[in-house]
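First comes the structure, then the notes that go with it.
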Amino acid sequence: MSDIPSSMVDRVVLILGAFERSGGTLTLGQIAARCRLPRSSVHRILQQLVSARWIRRDDNDYTLGLRMFELGSLVVQRSRLCEAARPVMQELAAATGHVAHLAVLDELDVVYLEKMIGPLAPPLPSRIGGRMPAHCTAVGKVLLAHSPRAFVESYLAEGLSRRTGASITNRQALTQSFTAIREHSYATERGEAAVGVACVAAPVMEFGIATAALSVSGTQERMRMQELKVRVQLSAAEISRRLTASFHARDERPSAPVPLTGHLAATVGAAAAG
């Protein structure tokens with residue numbers, strides 16, 4: 001009995017792991033036997049997992065619940081997103097010399113999924129897995145501007161915290177900026193998340209939904225916003241194209257990444273000149 005895990009977390013992990021080698025359905029007795037846990041303990045934990053939708057119960061049978069499927073789908077989606085974005089972000093960081101970020105909304109914050117550092121980039125406080133209040137960042141403004149009105153209202157109801165003296169804390173000023181962000185497909189911020197740092201971001205779209213936001217960040221004196229916004233928009237569009245392509249070809253063998261250097265250089269040069 002000394003090998004029986006004592007913590008609740010360890011027991012939950014054991015119980016969920018019991019389904020890995022099953023046909024999908026297990027009884028209480030089978031789960032207890034596979035986990036080598038007391039039947040009463042397994043029953044109590046299963047009741048809690050059923051309430052949380054991690055496990056589903058049908059009479060005396062247990063299967064993995066809808067919540068497990070939802071979380072698994074989220075992991076797959078974010079994996080697809082990062083795979084599509086990495087080569088584009090590497091190109092973007094190398095071409096601009098700045099820091100490229102990929103971020104998504106999570107409740108009141110943006111969460112950074114990827115970060116690529118260019119050769120001239122200064123040290124920035126952002127990190128992969130790190131969070132920032134959405135309204136203080138260009139990526140967050142882009143995602144809020146493309147969010148449903150109900151979500152934006154609930155976000156504003158929580159209040160707009162201040163990161164620096166330049167952070168936007170006025171609800172009307174923030175919401176008024178969303179119209180221009182949607183119209184022009186980019187957002188900027190200057191010193192609102194970190195003093196002396198500027199950023200320009202564009203939405204990554206998948207089937208008409210802003211799945212994520214891509215940005216370039218650097219010191220305010222080195223950021224040429226007009227040129228950089230075009231690069232970021234083109235790079236975000238390329239990630240969007242790759243996401244759509246990966247969705248349609250998900251059951252096929254992936255093709256080699258398309259080189260971006262020549263295409264981006266030519267297109268950005270033409271757009272900047274115009």
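So you can find residues: chains in the structure tokens are A, B, ... in the order shown, residues in each start at 1, and ligands are numbered from 1 in order.
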- prompt: Within 9 Å of stretch 96-99 of chain A, counting only C-alpha atoms, which residues qualify if same-chain residues fewer than 3 places away don't, as a PyMOL selection string?
  reply: chain A and resi 89+91-93+115-122+124+215-219+223+228+231
How would the residues just picked look written out with C-alpha atoms as a tab-separated table (two decimals), in the first residue's frame?
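Okay, again_25.tsv is ready:
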chain	number	residue	atom	x	y	z
A	89	MET	CA	8.18	35.06	-37.80
A	91	GLU	CA	11.76	35.87	-41.66
A	92	LEU	CA	10.06	38.91	-40.14
A	93	ALA	CA	12.50	39.19	-37.22
A	115	LYS	CA	8.80	35.06	-29.79
A	116	MET	CA	11.50	35.49	-32.42
A	117	ILE	CA	14.38	37.87	-31.76
A	118	GLY	CA	15.98	39.84	-34.59
A	119	PRO	CA	19.69	40.71	-34.79
A	120	LEU	CA	19.24	44.31	-33.61
A	121	ALA	CA	16.51	43.66	-31.05
A	122	PRO	CA	16.78	45.11	-27.55
A	124	LEU	CA	12.16	43.06	-23.94
A	215	SER	CA	3.52	41.97	-34.02
A	216	VAL	CA	6.94	43.56	-34.29
A	217	SER	CA	8.35	45.31	-31.23
A	218	GLY	CA	11.43	47.45	-30.61
A	219	THR	CA	12.64	50.68	-29.11
A	223	MET	CA	10.53	51.69	-34.99
A	228	LEU	CA	6.80	48.03	-40.43
A	231	ARG	CA	5.64	44.02	-43.29
task: Could you please write out, as a PyMOL selection string, every residue of stretch 67-219 of chain A that DSSP assigns to strand (DSSP E)?
output: chain A and resi 99-106+109-117+131-133+187-190+197-206+209-219
- request: Please provide as number ranges by chain all residues within 7 Å of A:Glu206, with the sequence filter that same-chain residues fewer than 5 positions apart are discarded (counting only C-alpha atoms).
  value: A: 211, 240, 243-244
